[in-house]
Amino acid sequence: SRWLKLIQPSVTIANACLLVPSARAMAASMLREAQMLPERFRFLLASASPRRRELLALLGLPFDVMTSGFAEDLDTSSFSTPAEYVRATATGKCEAVLETLPERRSDGRQDVVICADTVLTVDGNILEKPVDDGHARAMLRSLSGRTHEVFTAIIVAVKGRRDIRSSVERTEVTFSELSDEEIDAYIETREPFDKAGGYGIQSKGSLLVKGINGDYFNVVGLPIAGLAKLLLAELSPPLGEQAGRWTTIEAAEG
């Protein structure tokens with residue numbers, strides 16, 4: 001079969017917001033309520049992922065990119081759930097960036113660090129990025145014709161505040177039955193190798209997907225509706241809310 005090489009995916013980052021109206025509405029709400037945020041805050045995305053840069057840009061906030069240098073080598077067996085593991089990794093990235101920032105900025109704004117980490121799970125196993133063709137092939141075979149879960153942790157932290165807000169989103173993704181020829185054709189695109197689980201739903205990997213249950217953007221790597229909630233909670237806190245604590249929003253299940 002040559003269909004994987006010939007058919008172009010119909011879903012892109014540019015039009016993905018049409019698939020999830022709630023995410024689009026949340027972004028609009030944040031922009032209406034916080035139009036002056038860039039005057040008070042400088043936003044930093046602690047990720048080298050071009051997909052996360054494109055998604056964050058949908059919120060309309062100017063931001064800079066700063067990679068964390070965090071090793072991302074936590075022992076998965078030391079965490080009881082994928083949500084705990086992905087939250088710990090995202091927190092590690094965030095703290096690594098916070099440590100490099102000055103306590104005060106010369107322009108009077110505060111630095112806001114946004115971090116994320118994504119993993120995929122099937123049969124209780126966490127799948128991250130494949131290291132070679134054989135690893136990618138094994139991952140895709142394990143996903144073929146089955147439903148798996150994608151977890152993304154997002155962290156929002158303001159330099160100079162002790163509270164760090166976090167959320168973990170969960171989305172179910174069901175794959176079509178894949179032949180070895182289809183798997184090999186997809187691997188030949190080289191797309192699997194910088195993506196958790198070995199596929200990109202926003203690009204050619206969309207051809208492998210039968211359906212999803214939950215936030216599409218979560219599978220891409222940055223659930224923007226959840227991020228908007230965290231930004232509003234952290235940057236526009238209710239009157240009388242005390243700083244100096246960790247705030248966690250439980251995983252939203254599709």
# chains A, B, ... in the order shown; residues from 1 in each chain; ligands from 1

call {"tool": "residues_around", "arguments": {"residues": "stretch 186-202 of chain A", "least_positions_apart": "6", "cutoff": "10 Å", "atoms": "only C-alpha atoms", "output": "short mmCIF file (atom, residue, chain, number, x, y, z; two decimals) with N, CA, C and O atoms, in the first residue's frame"}}
result
data_model
loop_
_atom_site.label_atom_id
_atom_site.label_comp_id
_atom_site.auth_asym_id
_atom_site.auth_seq_id
_atom_site.Cartn_x
_atom_site.Cartn_y
_atom_site.Cartn_z
N LEU A 4 -0.02 5.93 2.47
CA LEU A 4 0.58 6.79 3.48
C LEU A 4 1.51 7.81 2.85
O LEU A 4 1.65 8.92 3.33
N LYS A 5 2.15 7.42 1.74
CA LYS A 5 3.09 8.33 1.09
C LYS A 5 2.39 9.34 0.20
O LYS A 5 2.93 10.40 -0.10
N PRO A 9 -2.33 14.74 5.14
CA PRO A 9 -3.27 14.83 6.26
C PRO A 9 -4.12 16.08 6.16
O PRO A 9 -3.66 17.12 5.69
N SER A 10 -5.36 15.98 6.63
CA SER A 10 -6.28 17.10 6.54
C SER A 10 -6.25 17.98 7.78
O SER A 10 -6.82 19.06 7.78
N VAL A 11 -5.61 17.53 8.85
CA VAL A 11 -5.58 18.29 10.10
C VAL A 11 -4.22 18.95 10.23
O VAL A 11 -3.19 18.31 10.13
N THR A 12 -4.20 20.25 10.45
CA THR A 12 -2.96 20.98 10.70
C THR A 12 -3.12 21.83 11.93
O THR A 12 -4.22 22.06 12.42
N ILE A 13 -2.00 22.35 12.44
CA ILE A 13 -2.07 23.25 13.59
C ILE A 13 -2.93 24.46 13.26
O ILE A 13 -3.68 24.96 14.08
N ALA A 14 -2.84 24.93 12.04
CA ALA A 14 -3.54 26.16 11.67
C ALA A 14 -5.05 26.04 11.80
O ALA A 14 -5.72 26.99 12.18
N ALA A 16 -6.64 23.37 13.48
CA ALA A 16 -7.02 22.41 14.52
C ALA A 16 -8.01 23.01 15.51
O ALA A 16 -8.80 22.29 16.11
N SER A 49 10.08 22.52 21.31
CA SER A 49 9.13 21.93 20.38
C SER A 49 8.49 22.98 19.48
O SER A 49 7.84 23.92 19.97
N ARG A 51 5.93 22.52 17.70
CA ARG A 51 4.47 22.36 17.82
C ARG A 51 3.95 23.16 19.01
O ARG A 51 2.89 23.80 18.92
N ASP A 117 5.15 18.71 29.31
CA ASP A 117 5.75 17.43 28.97
C ASP A 117 4.63 16.46 28.61
O ASP A 117 3.56 16.49 29.22
N THR A 118 4.89 15.61 27.61
CA THR A 118 3.86 14.70 27.09
C THR A 118 4.40 13.28 27.06
O THR A 118 5.53 13.05 26.64
N VAL A 119 3.57 12.34 27.52
CA VAL A 119 3.89 10.92 27.38
C VAL A 119 2.65 10.18 26.91
O VAL A 119 1.52 10.66 27.03
N LEU A 120 2.88 9.01 26.38
CA LEU A 120 1.81 8.13 25.90
C LEU A 120 1.91 6.82 26.66
O LEU A 120 3.02 6.36 26.96
N THR A 121 0.76 6.23 26.99
CA THR A 121 0.79 4.96 27.70
C THR A 121 -0.09 3.92 27.01
O THR A 121 -1.17 4.23 26.50
N VAL A 122 0.39 2.69 27.01
CA VAL A 122 -0.38 1.55 26.51
C VAL A 122 0.06 0.33 27.31
O VAL A 122 1.25 0.15 27.60
N ILE A 126 4.83 3.40 29.73
CA ILE A 126 5.01 4.76 29.24
C ILE A 126 5.89 4.72 27.99
O ILE A 126 6.99 4.18 28.01
N LEU A 127 5.37 5.29 26.90
CA LEU A 127 6.13 5.38 25.66
C LEU A 127 6.54 6.84 25.45
O LEU A 127 5.69 7.72 25.39
N GLU A 128 7.83 7.06 25.31
CA GLU A 128 8.30 8.41 25.05
C GLU A 128 8.77 8.48 23.59
O GLU A 128 8.08 8.01 22.70
N LYS A 129 9.93 9.02 23.31
CA LYS A 129 10.37 9.17 21.92
C LYS A 129 11.19 7.95 21.50
O LYS A 129 12.09 7.53 22.23
N PRO A 130 10.92 7.39 20.33
CA PRO A 130 11.70 6.23 19.88
C PRO A 130 13.14 6.64 19.55
O PRO A 130 13.39 7.76 19.10
N VAL A 131 14.07 5.70 19.75
CA VAL A 131 15.49 6.02 19.56
C VAL A 131 16.00 5.55 18.20
O VAL A 131 17.04 6.02 17.74
N ASP A 132 15.30 4.61 17.55
CA ASP A 132 15.74 4.14 16.24
C ASP A 132 14.55 3.51 15.51
O ASP A 132 13.43 3.46 16.04
N ASP A 133 14.79 3.03 14.29
CA ASP A 133 13.70 2.48 13.48
C ASP A 133 13.02 1.29 14.16
O ASP A 133 11.78 1.19 14.15
N GLY A 134 13.82 0.40 14.72
CA GLY A 134 13.25 -0.78 15.37
C GLY A 134 12.37 -0.41 16.55
O GLY A 134 11.30 -1.00 16.75
N HIS A 135 12.82 0.57 17.32
CA HIS A 135 12.04 1.03 18.47
C HIS A 135 10.73 1.66 18.01
O HIS A 135 9.65 1.39 18.57
N ALA A 136 10.79 2.49 16.97
CA ALA A 136 9.58 3.12 16.44
C ALA A 136 8.61 2.07 15.90
O ALA A 136 7.40 2.16 16.10
N ARG A 137 9.15 1.07 15.22
CA ARG A 137 8.31 0.01 14.65
C ARG A 137 7.58 -0.75 15.76
O ARG A 137 6.38 -1.04 15.66
N ALA A 138 8.30 -1.08 16.83
CA ALA A 138 7.69 -1.78 17.96
C ALA A 138 6.60 -0.94 18.61
O ALA A 138 5.53 -1.45 18.98
N MET A 139 6.84 0.37 18.76
CA MET A 139 5.83 1.26 19.33
C MET A 139 4.57 1.26 18.49
O MET A 139 3.45 1.11 19.00
N LEU A 140 4.72 1.46 17.19
CA LEU A 140 3.56 1.57 16.32
C LEU A 140 2.79 0.26 16.24
O LEU A 140 1.55 0.26 16.17
N SER A 142 2.51 -1.81 18.69
CA SER A 142 1.78 -1.93 19.96
C SER A 142 0.54 -1.05 19.99
O SER A 142 -0.39 -1.31 20.76
N LEU A 143 0.52 -0.01 19.16
CA LEU A 143 -0.62 0.91 19.12
C LEU A 143 -1.66 0.50 18.08
O LEU A 143 -2.82 0.93 18.16
N HIS A 148 -5.03 4.07 23.17
CA HIS A 148 -4.01 4.39 24.17
C HIS A 148 -4.33 5.76 24.78
O HIS A 148 -5.25 6.45 24.35
N VAL A 150 -2.87 9.58 26.16
CA VAL A 150 -1.82 10.60 26.07
C VAL A 150 -1.99 11.56 27.25
O VAL A 150 -3.09 12.09 27.47
N VAL A 173 -6.70 8.04 22.43
CA VAL A 173 -6.51 8.01 20.97
C VAL A 173 -6.64 6.56 20.50
O VAL A 173 -6.01 5.67 21.07
N ASP A 180 2.29 -3.94 8.28
CA ASP A 180 3.73 -3.68 8.39
C ASP A 180 4.18 -2.70 7.32
O ASP A 180 5.05 -1.85 7.55
N LEU A 208 -2.90 7.60 10.74
CA LEU A 208 -2.91 6.37 11.52
C LEU A 208 -4.07 6.34 12.51
O LEU A 208 -4.38 5.28 13.06
N VAL A 209 -4.70 7.48 12.74
CA VAL A 209 -5.65 7.64 13.84
C VAL A 209 -7.08 7.41 13.37
O VAL A 209 -7.53 8.00 12.39
N TYR A 216 -7.78 17.45 21.53
CA TYR A 216 -6.84 17.21 20.43
C TYR A 216 -5.49 17.86 20.69
O TYR A 216 -4.43 17.29 20.45
N PHE A 217 -5.51 19.12 21.20
CA PHE A 217 -4.28 19.85 21.44
C PHE A 217 -3.40 19.17 22.48
O PHE A 217 -2.18 19.31 22.47
N VAL A 219 -2.88 16.01 22.65
CA VAL A 219 -2.11 15.00 21.93
C VAL A 219 -0.96 15.65 21.18
O VAL A 219 0.13 15.09 21.07
N VAL A 220 -1.19 16.85 20.66
CA VAL A 220 -0.12 17.57 19.96
C VAL A 220 0.99 17.98 20.93
O VAL A 220 2.16 18.01 20.56
N GLY A 221 0.62 18.28 22.18
CA GLY A 221 1.65 18.57 23.17
C GLY A 221 1.42 19.79 24.04
O GLY A 221 2.22 20.07 24.94
#

call {"tool": "atom_distance", "arguments": {"atom1": "atom CA of A:Asn125", "atom2": "atom CA of A:Glu149"}}
result
10.4 Å

call {"tool": "closest_residue", "arguments": {"among": "A:Ile114, A:Arg87, A:Val156, A:Pro102", "to": "A:Asp64", "atoms": "only C-alpha atoms"}}
result
A:Ile114

call {"tool": "atom_distance", "arguments": {"atom1": "atom CA of A:Leu59", "atom2": "atom CA of A:Lys204"}}
result
24.8 Å

call {"tool": "closest_residue", "arguments": {"among": "A:Arg141, A:Arg105, A:Arg52, A:Lys93", "to": "A:Arg40", "atoms": "only C-alpha atoms"}}
result
A:Arg105

call {"tool": "residues_around", "arguments": {"residues": "A:Leu45", "least_positions_apart": "3", "cutoff": "8 Å", "atoms": "only C-alpha atoms", "output": "PyMOL selection string"}}
result
chain A and resi 53+63-67+113-115

call {"tool": "closest_residue", "arguments": {"among": "A:Phe175, A:Phe41, A:Phe70, A:Phe151", "to": "A:Pro82", "atoms": "only C-alpha atoms"}}
result
A:Phe151

call {"tool": "select_by_dssp", "arguments": {"residues": "stretch 65-129 of chain A", "states": "helix (DSSP H, G or I)", "output": "PyMOL selection string"}}
result
chain A and resi 76-78+82-98

call {"tool": "write_last_selection", "arguments": {"atoms": "N, CA and C atoms", "output": "compact mmCIF listing (two decimals), in the first residue's frame"}}
result
# COMPACT_ATOMS: atom_id res chain seq x y z
N THR A 76 10.77 6.06 35.66
CA THR A 76 9.32 5.92 35.59
C THR A 76 8.77 4.97 36.65
N SER A 77 9.57 3.99 37.08
CA SER A 77 9.10 3.01 38.06
C SER A 77 8.89 3.62 39.44
N SER A 78 9.43 4.81 39.67
CA SER A 78 9.29 5.44 40.99
C SER A 78 8.00 6.26 41.11
N PRO A 82 1.13 7.58 35.41
CA PRO A 82 1.73 8.41 34.35
C PRO A 82 1.57 9.90 34.62
N ALA A 83 0.43 10.28 35.22
CA ALA A 83 0.20 11.70 35.51
C ALA A 83 1.26 12.24 36.47
N GLU A 84 1.61 11.45 37.49
CA GLU A 84 2.64 11.88 38.44
C GLU A 84 3.99 12.02 37.75
N TYR A 85 4.30 11.07 36.87
CA TYR A 85 5.58 11.10 36.18
C TYR A 85 5.69 12.31 35.26
N VAL A 86 4.66 12.55 34.46
CA VAL A 86 4.74 13.64 33.50
C VAL A 86 4.72 14.98 34.21
N ARG A 87 4.02 15.07 35.35
CA ARG A 87 4.02 16.31 36.12
C ARG A 87 5.41 16.59 36.71
N ALA A 88 6.05 15.53 37.20
CA ALA A 88 7.39 15.70 37.78
C ALA A 88 8.40 16.15 36.73
N THR A 89 8.30 15.59 35.53
CA THR A 89 9.23 15.98 34.47
C THR A 89 9.01 17.43 34.06
N ALA A 90 7.75 17.83 33.89
CA ALA A 90 7.46 19.22 33.52
C ALA A 90 7.90 20.18 34.62
N THR A 91 7.72 19.79 35.87
CA THR A 91 8.15 20.63 36.99
C THR A 91 9.67 20.78 36.99
N GLY A 92 10.38 19.69 36.70
CA GLY A 92 11.83 19.76 36.63
C GLY A 92 12.30 20.74 35.56
N LYS A 93 11.67 20.71 34.40
CA LYS A 93 11.99 21.65 33.33
C LYS A 93 11.78 23.09 33.80
N CYS A 94 10.64 23.31 34.45
CA CYS A 94 10.28 24.65 34.90
C CYS A 94 11.27 25.18 35.92
N GLU A 95 11.59 24.37 36.90
CA GLU A 95 12.51 24.81 37.95
C GLU A 95 13.90 25.10 37.39
N ALA A 96 14.32 24.32 36.39
CA ALA A 96 15.63 24.55 35.78
C ALA A 96 15.69 25.92 35.11
N VAL A 97 14.61 26.31 34.45
CA VAL A 97 14.57 27.62 33.81
C VAL A 97 14.47 28.73 34.85
N LEU A 98 13.62 28.55 35.86
CA LEU A 98 13.47 29.58 36.89
C LEU A 98 14.80 29.92 37.56

call {"tool": "select_by_dssp", "arguments": {"residues": "stretch 7-227 of chain A", "states": "strand (DSSP E)", "output": "PyMOL selection string"}}
result
chain A and resi 41-45+63-65+110-122+125-127+147-158+164-175+209-213
